[in-house]
Amino acid sequence: MGNKKFIIYIVLGAIVLFVLSTGTYVVNEAEQVVVTQFGKPVGEPIVTPGIKFKIPFIQTTHFFDKRYLEWDGDPNQVPTKDKKFIFVDTYARWQIVDPLQFFKRLTNERGAISRIDDILDGETRNYIAKHNIEEAVRSSNRTPVSSGVIGELIGDSLATIKVGRDKIQEMIQKSANEQAKDLGIAILDFRFKRINYVQEVQNQVYERMKSERNRIADKFKSEGQGEASNINGEKERELRRIVSEAYKTAEEIKGRADGEAARIYAEAYDKTPASRELYGFMKSMEAYQKTFDSQTHIILSTDSEFFKYLKSMR
């Protein structure tokens, strides 16, 4: 009899433990719970932590995160208002603010992510397409810092923006929240992670940048060659001037020297008729030496003074 009672107590205890284990659940600080009965929500969502009770086998608990959740969008190719195609990579933070409505509309976080994809991607396309690329890239107007001579040549001016990146992000977030207000979620933050040209446009931009730099290099090279030509021209003119003046000075010196030599010769050879005859003979020989060579032909009259000593030799 005692053994039977012991077995009954064990069975009853096991049943109580099973009922307690299936009829209770624990909610921690980061969770919120929706209880359903035969698939339909019952009561209000459980948002406070602690041990909670439910009807075993009949009621089911659905746990949802109470914390801020992450959404990371896929990079999409989007056209801007000025017809430039860019890749836009975005991210956002969202939260389940009404778990009961969230469960009714989206069921779980996977469904929520899919719906957020549709909302944020669509709003991003809409607002990017309404603005020029500089509006999506820059947040404010500023005075550019000059980058020197090259900056002056290619131009440092920036287009004036009226909206800017931050405002576009805010508008996308606001519009997305309006669409998500009946889903039990709230978009807490939305940001552009990265904006870049598509590959084809990137190549065009790089080629244009290279072409612009080559144009500047050619301009510098042309100016350098022009300056080099001016310097070489000045050098040649100065060189010719120096050579001309030197030649003039040399000729003047030689003229004075020849005059002085002639005067000395005249004084030396003008003392007697024999010395004058010798002087004439020597000067004639010098003239012959300077005048004639193997390829020179000259026609003289026999009465010419230049022919005098040749005629006397014959």
# chains A, B, ... in the order shown; residues from 1 in each chain; ligands from 1

$ select_by_dssp --residues "stretch 76-297 of chain A" --states "helix (DSSP H, G or I)" --output "ChimeraX atom specification"
/A:99-105,109-129,133-137,149-154,165-180,199-269,273-291

$ residues_around --residues "stretch 28-45 of chain A" --least-positions-apart "4" --cutoff "12 Å" --atoms "only C-alpha atoms" --output "short mmCIF file (atom, residue, chain, number, x, y, z; two decimals) with C-alpha atoms, in the first residue's frame"
data_model
loop_
_atom_site.label_atom_id
_atom_site.label_comp_id
_atom_site.auth_asym_id
_atom_site.auth_seq_id
_atom_site.Cartn_x
_atom_site.Cartn_y
_atom_site.Cartn_z
CA GLY A 23 2.14 26.88 -18.06
CA THR A 24 4.89 29.33 -17.10
CA PRO A 49 10.19 41.14 -17.23
CA GLY A 50 9.52 38.26 -14.82
CA ILE A 51 7.79 34.87 -14.57
CA LYS A 52 4.46 34.78 -16.42
CA PHE A 53 1.66 32.19 -16.71
CA LYS A 54 -0.33 30.78 -19.59
CA ILE A 55 -2.77 27.96 -20.24
CA PRO A 56 -0.75 24.85 -21.09
CA PHE A 57 -1.28 23.28 -24.50
CA ILE A 58 -3.79 25.96 -25.47
CA GLN A 59 -1.81 29.20 -25.40
CA THR A 60 1.47 29.85 -27.23
CA THR A 61 4.04 32.56 -26.56
CA HIS A 62 5.77 34.61 -29.23
CA PHE A 63 8.92 36.46 -28.14
CA PHE A 64 10.08 39.65 -29.82
CA ASP A 65 13.18 41.75 -29.24
CA LYS A 66 12.65 45.00 -27.40
CA ARG A 67 16.06 46.45 -28.30
CA TYR A 68 17.16 48.52 -31.30
CA LEU A 69 17.54 46.28 -34.33
CA GLN A 95 12.50 48.93 -33.13
CA ILE A 96 9.32 46.97 -32.45
CA VAL A 97 7.17 49.52 -30.66
CA ASP A 98 3.79 47.67 -30.81
CA PRO A 99 4.39 43.90 -30.55
CA LEU A 100 0.70 43.01 -31.00
CA GLN A 101 0.39 45.00 -34.24
CA PHE A 102 3.80 43.71 -35.31
CA PHE A 103 2.62 40.11 -34.84
CA LYS A 104 -0.61 40.72 -36.72
CA THR A 107 4.53 37.80 -37.78
CA ASN A 108 8.30 37.82 -37.16
#

$ atom_distance --atom1 "atom CA of A:Lys130" --atom2 "atom CA of A:Asn203"
24.8 Å

$ select_by_dssp --residues "stretch 46-269 of chain A" --states "strand (DSSP E or B)" --output "PyMOL selection string"
chain A and resi 46+50-53+59-65+69-72+76-79+85-96+185-197

$ residues_around --residues "A:Tyr91" --least-positions-apart "6" --cutoff "7 Å" --atoms "only C-alpha atoms" --output "list of chain:residue names"
A:Trp71, A:Asp72, A:Gly73, A:Phe190, A:Arg191, A:Phe192, A:Lys193

$ write_last_selection --atoms "C-alpha atoms" --output "PDB file, in the first residue's frame"
ATOM      1  CA  TRP A  71      18.838  46.868 -40.986  1.00  0.00           C
ATOM      2  CA  ASP A  72      21.547  46.848 -43.666  1.00  0.00           C
ATOM      3  CA  GLY A  73      20.404  47.603 -47.198  1.00  0.00           C
ATOM      4  CA  PHE A 190      18.515  56.097 -41.437  1.00  0.00           C
ATOM      5  CA  ARG A 191      21.865  56.857 -43.062  1.00  0.00           C
ATOM      6  CA  PHE A 192      23.696  56.648 -46.357  1.00  0.00           C
ATOM      7  CA  LYS A 193      26.613  54.320 -45.758  1.00  0.00           C
TER       8      LYS A 193
END

$ closest_atom_pairs --of "stretch 161-206 of chain A" --to "stretch 112-121 of chain A" --cutoff "12 Å" --atoms "only C-alpha atoms" --output "Markdown table"
| residue | atom | partner | partner_atom | distance |
| --- | --- | --- | --- | --- |
| A:Gln169 | CA | A:Leu120 | CA | 10.5 |
| A:Glu170 | CA | A:Leu120 | CA | 12.0 |
| A:Met171 | CA | A:Leu120 | CA | 11.1 |
| A:Ile172 | CA | A:Leu120 | CA | 7.3 |
| A:Gln173 | CA | A:Leu120 | CA | 7.9 |
| A:Lys174 | CA | A:Leu120 | CA | 10.5 |
| A:Ser175 | CA | A:Ile119 | CA | 8.9 |
| A:Ala176 | CA | A:Ile119 | CA | 6.0 |
| A:Asn177 | CA | A:Ile119 | CA | 9.1 |
| A:Glu178 | CA | A:Ile119 | CA | 10.1 |
| A:Gln179 | CA | A:Ile119 | CA | 7.3 |
| A:Ala180 | CA | A:Ile119 | CA | 8.0 |
| A:Lys181 | CA | A:Ile119 | CA | 11.7 |
| A:Leu183 | CA | A:Ala112 | CA | 8.4 |
| A:Gly184 | CA | A:Ala112 | CA | 9.7 |
| A:Ile185 | CA | A:Ala112 | CA | 8.4 |
| A:Ala186 | CA | A:Ile116 | CA | 10.2 |
| A:Ile187 | CA | A:Ile116 | CA | 8.9 |
| A:Asp189 | CA | A:Leu120 | CA | 11.3 |
| A:Phe190 | CA | A:Leu120 | CA | 8.8 |
| A:Arg191 | CA | A:Leu120 | CA | 10.6 |
| A:Phe192 | CA | A:Leu120 | CA | 11.2 |

$ residues_around --residues "A:Asn76" --least-positions-apart "5" --cutoff "12 Å" --atoms "only C-alpha atoms" --output "PyMOL selection string"
chain A and resi 85-90+117+120-122+124-125+128+192-198

$ residues_around --residues "A:Asn132" --least-positions-apart "4" --cutoff "12 Å" --atoms "only C-alpha atoms" --output "PDB file with all heavy atoms, in the first residue's frame"
ATOM      1  N   VAL A  78      21.031  53.775 -58.626  1.00  0.00           N
ATOM      2  CA  VAL A  78      19.929  54.729 -58.605  1.00  0.00           C
ATOM      3  C   VAL A  78      20.281  55.925 -59.487  1.00  0.00           C
ATOM      4  O   VAL A  78      21.390  56.453 -59.398  1.00  0.00           O
ATOM      5  CB  VAL A  78      19.647  55.209 -57.164  1.00  0.00           C
ATOM      6  CG1 VAL A  78      18.462  56.153 -57.135  1.00  0.00           C
ATOM      7  CG2 VAL A  78      19.408  54.024 -56.237  1.00  0.00           C
ATOM      8  N   PRO A  79      19.358  56.390 -60.336  1.00  0.00           N
ATOM      9  CA  PRO A  79      19.616  57.602 -61.130  1.00  0.00           C
ATOM     10  C   PRO A  79      19.274  58.853 -60.330  1.00  0.00           C
ATOM     11  O   PRO A  79      18.296  58.887 -59.591  1.00  0.00           O
ATOM     12  CB  PRO A  79      18.673  57.435 -62.325  1.00  0.00           C
ATOM     13  CG  PRO A  79      17.528  56.635 -61.784  1.00  0.00           C
ATOM     14  CD  PRO A  79      18.098  55.725 -60.733  1.00  0.00           C
ATOM     15  N   THR A  80      20.089  59.884 -60.470  1.00  0.00           N
ATOM     16  CA  THR A  80      19.815  61.159 -59.814  1.00  0.00           C
ATOM     17  C   THR A  80      18.999  62.057 -60.754  1.00  0.00           C
ATOM     18  O   THR A  80      18.734  61.693 -61.890  1.00  0.00           O
ATOM     19  CB  THR A  80      21.126  61.869 -59.441  1.00  0.00           C
ATOM     20  OG1 THR A  80      21.864  62.132 -60.640  1.00  0.00           O
ATOM     21  CG2 THR A  80      21.973  61.003 -58.523  1.00  0.00           C
ATOM     22  N   LYS A  81      18.635  63.215 -60.245  1.00  0.00           N
ATOM     23  CA  LYS A  81      17.847  64.144 -61.048  1.00  0.00           C
ATOM     24  C   LYS A  81      18.624  64.611 -62.269  1.00  0.00           C
ATOM     25  O   LYS A  81      18.041  64.854 -63.335  1.00  0.00           O
ATOM     26  CB  LYS A  81      17.433  65.345 -60.184  1.00  0.00           C
ATOM     27  CG  LYS A  81      16.518  66.335 -60.875  1.00  0.00           C
ATOM     28  CD  LYS A  81      16.132  67.464 -59.954  1.00  0.00           C
ATOM     29  CE  LYS A  81      15.226  68.476 -60.661  1.00  0.00           C
ATOM     30  NZ  LYS A  81      14.852  69.603 -59.760  1.00  0.00           N
ATOM     31  N   ASP A  82      19.946  64.768 -62.134  1.00  0.00           N
ATOM     32  CA  ASP A  82      20.769  65.200 -63.265  1.00  0.00           C
ATOM     33  C   ASP A  82      21.276  64.025 -64.099  1.00  0.00           C
ATOM     34  O   ASP A  82      22.302  64.119 -64.769  1.00  0.00           O
ATOM     35  CB  ASP A  82      21.935  66.063 -62.785  1.00  0.00           C
ATOM     36  CG  ASP A  82      22.679  65.431 -61.618  1.00  0.00           C
ATOM     37  OD1 ASP A  82      22.210  64.404 -61.100  1.00  0.00           O
ATOM     38  OD2 ASP A  82      23.726  65.970 -61.215  1.00  0.00           O
ATOM     39  N   LYS A  83      20.559  62.885 -64.033  1.00  0.00           N
ATOM     40  CA  LYS A  83      20.790  61.732 -64.909  1.00  0.00           C
ATOM     41  C   LYS A  83      22.163  61.089 -64.718  1.00  0.00           C
ATOM     42  O   LYS A  83      22.785  60.622 -65.674  1.00  0.00           O
ATOM     43  CB  LYS A  83      20.619  62.125 -66.390  1.00  0.00           C
ATOM     44  CG  LYS A  83      19.331  62.851 -66.722  1.00  0.00           C
ATOM     45  CD  LYS A  83      18.106  62.047 -66.332  1.00  0.00           C
ATOM     46  CE  LYS A  83      16.816  62.796 -66.686  1.00  0.00           C
ATOM     47  NZ  LYS A  83      15.612  62.079 -66.219  1.00  0.00           N
ATOM     48  N   LYS A  84      22.632  61.049 -63.493  1.00  0.00           N
ATOM     49  CA  LYS A  84      23.887  60.366 -63.188  1.00  0.00           C
ATOM     50  C   LYS A  84      23.565  59.132 -62.352  1.00  0.00           C
ATOM     51  O   LYS A  84      22.885  59.226 -61.337  1.00  0.00           O
ATOM     52  CB  LYS A  84      24.841  61.291 -62.425  1.00  0.00           C
ATOM     53  CG  LYS A  84      25.301  62.477 -63.247  1.00  0.00           C
ATOM     54  CD  LYS A  84      26.212  63.378 -62.438  1.00  0.00           C
ATOM     55  CE  LYS A  84      26.665  64.577 -63.263  1.00  0.00           C
ATOM     56  NZ  LYS A  84      27.513  65.510 -62.478  1.00  0.00           N
ATOM     57  N   PHE A  85      24.066  57.988 -62.804  1.00  0.00           N
ATOM     58  CA  PHE A  85      23.774  56.741 -62.101  1.00  0.00           C
ATOM     59  C   PHE A  85      24.816  56.524 -61.004  1.00  0.00           C
ATOM     60  O   PHE A  85      26.022  56.585 -61.246  1.00  0.00           O
ATOM     61  CB  PHE A  85      23.781  55.563 -63.072  1.00  0.00           C
ATOM     62  CG  PHE A  85      22.539  55.498 -63.926  1.00  0.00           C
ATOM     63  CD1 PHE A  85      22.462  56.205 -65.113  1.00  0.00           C
ATOM     64  CD2 PHE A  85      21.449  54.758 -63.515  1.00  0.00           C
ATOM     65  CE1 PHE A  85      21.322  56.156 -65.891  1.00  0.00           C
ATOM     66  CE2 PHE A  85      20.297  54.706 -64.287  1.00  0.00           C
ATOM     67  CZ  PHE A  85      20.227  55.400 -65.469  1.00  0.00           C
ATOM     68  N   ILE A  86      24.317  56.261 -59.803  1.00  0.00           N
ATOM     69  CA  ILE A  86      25.198  56.070 -58.653  1.00  0.00           C
ATOM     70  C   ILE A  86      24.767  54.833 -57.885  1.00  0.00           C
ATOM     71  O   ILE A  86      23.615  54.400 -57.944  1.00  0.00           O
ATOM     72  CB  ILE A  86      25.181  57.305 -57.715  1.00  0.00           C
ATOM     73  CG1 ILE A  86      23.750  57.587 -57.232  1.00  0.00           C
ATOM     74  CG2 ILE A  86      25.785  58.511 -58.385  1.00  0.00           C
ATOM     75  CD1 ILE A  86      23.661  58.698 -56.203  1.00  0.00           C
ATOM     76  N   TYR A 127      13.696  59.709 -53.403  1.00  0.00           N
ATOM     77  CA  TYR A 127      14.296  60.982 -52.992  1.00  0.00           C
ATOM     78  C   TYR A 127      15.622  61.248 -53.694  1.00  0.00           C
ATOM     79  O   TYR A 127      15.967  62.406 -53.936  1.00  0.00           O
ATOM     80  CB  TYR A 127      14.473  61.013 -51.472  1.00  0.00           C
ATOM     81  CG  TYR A 127      13.188  61.353 -50.757  1.00  0.00           C
ATOM     82  CD1 TYR A 127      12.347  60.352 -50.283  1.00  0.00           C
ATOM     83  CD2 TYR A 127      12.804  62.674 -50.582  1.00  0.00           C
ATOM     84  CE1 TYR A 127      11.154  60.662 -49.639  1.00  0.00           C
ATOM     85  CE2 TYR A 127      11.614  62.998 -49.943  1.00  0.00           C
ATOM     86  CZ  TYR A 127      10.792  61.981 -49.471  1.00  0.00           C
ATOM     87  OH  TYR A 127       9.620  62.308 -48.858  1.00  0.00           O
ATOM     88  N   ILE A 128      16.385  60.202 -54.030  1.00  0.00           N
ATOM     89  CA  ILE A 128      17.611  60.409 -54.809  1.00  0.00           C
ATOM     90  C   ILE A 128      17.253  60.915 -56.203  1.00  0.00           C
ATOM     91  O   ILE A 128      17.910  61.809 -56.758  1.00  0.00           O
ATOM     92  CB  ILE A 128      18.431  59.116 -54.894  1.00  0.00           C
ATOM     93  CG1 ILE A 128      19.044  58.773 -53.533  1.00  0.00           C
ATOM     94  CG2 ILE A 128      19.550  59.252 -55.927  1.00  0.00           C
ATOM     95  CD1 ILE A 128      20.058  59.760 -53.023  1.00  0.00           C
ATOM     96  N   ALA A 136      22.975  64.800 -52.656  1.00  0.00           N
ATOM     97  CA  ALA A 136      23.080  63.542 -51.920  1.00  0.00           C
ATOM     98  C   ALA A 136      24.452  63.345 -51.299  1.00  0.00           C
ATOM     99  O   ALA A 136      24.596  62.588 -50.336  1.00  0.00           O
ATOM    100  CB  ALA A 136      22.759  62.365 -52.850  1.00  0.00           C
ATOM    101  N   VAL A 137      25.449  64.039 -51.826  1.00  0.00           N
ATOM    102  CA  VAL A 137      26.825  63.829 -51.352  1.00  0.00           C
ATOM    103  C   VAL A 137      27.194  64.825 -50.250  1.00  0.00           C
ATOM    104  O   VAL A 137      27.819  64.462 -49.245  1.00  0.00           O
ATOM    105  CB  VAL A 137      27.813  63.939 -52.525  1.00  0.00           C
ATOM    106  CG1 VAL A 137      29.247  63.898 -52.030  1.00  0.00           C
ATOM    107  CG2 VAL A 137      27.561  62.818 -53.527  1.00  0.00           C
ATOM    108  N   ARG A 138      26.796  66.085 -50.419  1.00  0.00           N
ATOM    109  CA  ARG A 138      27.221  67.130 -49.489  1.00  0.00           C
ATOM    110  C   ARG A 138      26.112  67.485 -48.517  1.00  0.00           C
ATOM    111  O   ARG A 138      24.926  67.348 -48.808  1.00  0.00           O
ATOM    112  CB  ARG A 138      27.654  68.369 -50.269  1.00  0.00           C
ATOM    113  CG  ARG A 138      28.916  68.169 -51.088  1.00  0.00           C
ATOM    114  CD  ARG A 138      29.146  69.298 -52.066  1.00  0.00           C
ATOM    115  NE  ARG A 138      29.031  70.589 -51.410  1.00  0.00           N
ATOM    116  CZ  ARG A 138      28.676  71.708 -52.026  1.00  0.00           C
ATOM    117  NH1 ARG A 138      28.385  71.678 -53.319  1.00  0.00           N
ATOM    118  NH2 ARG A 138      28.597  72.843 -51.371  1.00  0.00           N
ATOM    119  N   ALA A 159      29.166  73.726 -56.515  1.00  0.00           N
ATOM    120  CA  ALA A 159      27.766  74.074 -56.750  1.00  0.00           C
ATOM    121  C   ALA A 159      27.056  74.300 -55.413  1.00  0.00           C
ATOM    122  O   ALA A 159      27.341  73.636 -54.417  1.00  0.00           O
ATOM    123  CB  ALA A 159      27.082  72.962 -57.537  1.00  0.00           C
ATOM    124  N   THR A 160      26.135  75.228 -55.400  1.00  0.00           N
ATOM    125  CA  THR A 160      25.378  75.528 -54.185  1.00  0.00           C
ATOM    126  C   THR A 160      24.270  74.495 -54.007  1.00  0.00           C
ATOM    127  O   THR A 160      23.542  74.182 -54.949  1.00  0.00           O
ATOM    128  CB  THR A 160      24.763  76.939 -54.273  1.00  0.00           C
ATOM    129  OG1 THR A 160      25.819  77.884 -54.456  1.00  0.00           O
ATOM    130  CG2 THR A 160      24.005  77.271 -53.006  1.00  0.00           C
ATOM    131  N   ILE A 161      24.158  73.942 -52.799  1.00  0.00           N
ATOM    132  CA  ILE A 161      23.110  72.965 -52.519  1.00  0.00           C
ATOM    133  C   ILE A 161      21.999  73.627 -51.720  1.00  0.00           C
ATOM    134  O   ILE A 161      22.235  74.552 -50.943  1.00  0.00           O
ATOM    135  CB  ILE A 161      23.667  71.748 -51.760  1.00  0.00           C
ATOM    136  CG1 ILE A 161      24.233  72.153 -50.391  1.00  0.00           C
ATOM    137  CG2 ILE A 161      24.721  71.040 -52.574  1.00  0.00           C
ATOM    138  CD1 ILE A 161      24.623  70.981 -49.521  1.00  0.00           C
ATOM    139  N   LYS A 162      20.771  73.154 -51.922  1.00  0.00           N
ATOM    140  CA  LYS A 162      19.614  73.708 -51.232  1.00  0.00           C
ATOM    141  C   LYS A 162      19.057  72.761 -50.171  1.00  0.00           C
ATOM    142  O   LYS A 162      18.401  73.191 -49.232  1.00  0.00           O
ATOM    143  CB  LYS A 162      18.517  74.033 -52.250  1.00  0.00           C
ATOM    144  CG  LYS A 162      18.923  75.081 -53.275  1.00  0.00           C
ATOM    145  CD  LYS A 162      17.798  75.338 -54.275  1.00  0.00           C
ATOM    146  CE  LYS A 162      18.203  76.387 -55.294  1.00  0.00           C
ATOM    147  NZ  LYS A 162      17.121  76.629 -56.300  1.00  0.00           N
ATOM    148  N   VAL A 163      19.277  71.463 -50.337  1.00  0.00           N
ATOM    149  CA  VAL A 163      18.735  70.471 -49.398  1.00  0.00           C
ATOM    150  C   VAL A 163      19.859  69.799 -48.626  1.00  0.00           C
ATOM    151  O   VAL A 163      20.004  69.963 -47.429  1.00  0.00           O
ATOM    152  CB  VAL A 163      17.880  69.430 -50.146  1.00  0.00           C
ATOM    153  CG1 VAL A 163      17.310  68.405 -49.162  1.00  0.00           C
ATOM    154  CG2 VAL A 163      16.741  70.118 -50.896  1.00  0.00           C
ATOM    155  N   GLY A 164      20.681  69.029 -49.304  1.00  0.00           N
ATOM    156  CA  GLY A 164      21.828  68.389 -48.677  1.00  0.00           C
ATOM    157  C   GLY A 164      21.529  66.976 -48.205  1.00  0.00           C
ATOM    158  O   GLY A 164      20.385  66.532 -48.062  1.00  0.00           O
ATOM    159  N   ARG A 165      22.597  66.264 -47.958  1.00  0.00           N
ATOM    160  CA  ARG A 165      22.542  64.842 -47.593  1.00  0.00           C
ATOM    161  C   ARG A 165      21.753  64.598 -46.316  1.00  0.00           C
ATOM    162  O   ARG A 165      20.908  63.702 -46.256  1.00  0.00           O
ATOM    163  CB  ARG A 165      23.979  64.339 -47.451  1.00  0.00           C
ATOM    164  CG  ARG A 165      24.120  62.883 -47.063  1.00  0.00           C
ATOM    165  CD  ARG A 165      25.580  62.555 -46.852  1.00  0.00           C
ATOM    166  NE  ARG A 165      25.789  61.163 -46.547  1.00  0.00           N
ATOM    167  CZ  ARG A 165      26.634  60.368 -47.187  1.00  0.00           C
ATOM    168  NH1 ARG A 165      27.318  60.848 -48.196  1.00  0.00           N
ATOM    169  NH2 ARG A 165      26.791  59.111 -46.845  1.00  0.00           N
ATOM    170  N   ILE A 168      17.994  64.970 -46.834  1.00  0.00           N
ATOM    171  CA  ILE A 168      17.448  63.863 -47.622  1.00  0.00           C
ATOM    172  C   ILE A 168      17.282  62.624 -46.744  1.00  0.00           C
ATOM    173  O   ILE A 168      16.267  61.916 -46.818  1.00  0.00           O
ATOM    174  CB  ILE A 168      18.350  63.567 -48.836  1.00  0.00           C
ATOM    175  CG1 ILE A 168      18.313  64.744 -49.817  1.00  0.00           C
ATOM    176  CG2 ILE A 168      17.916  62.290 -49.542  1.00  0.00           C
ATOM    177  CD1 ILE A 168      19.235  64.587 -51.002  1.00  0.00           C
TER     178      ILE A 168
END
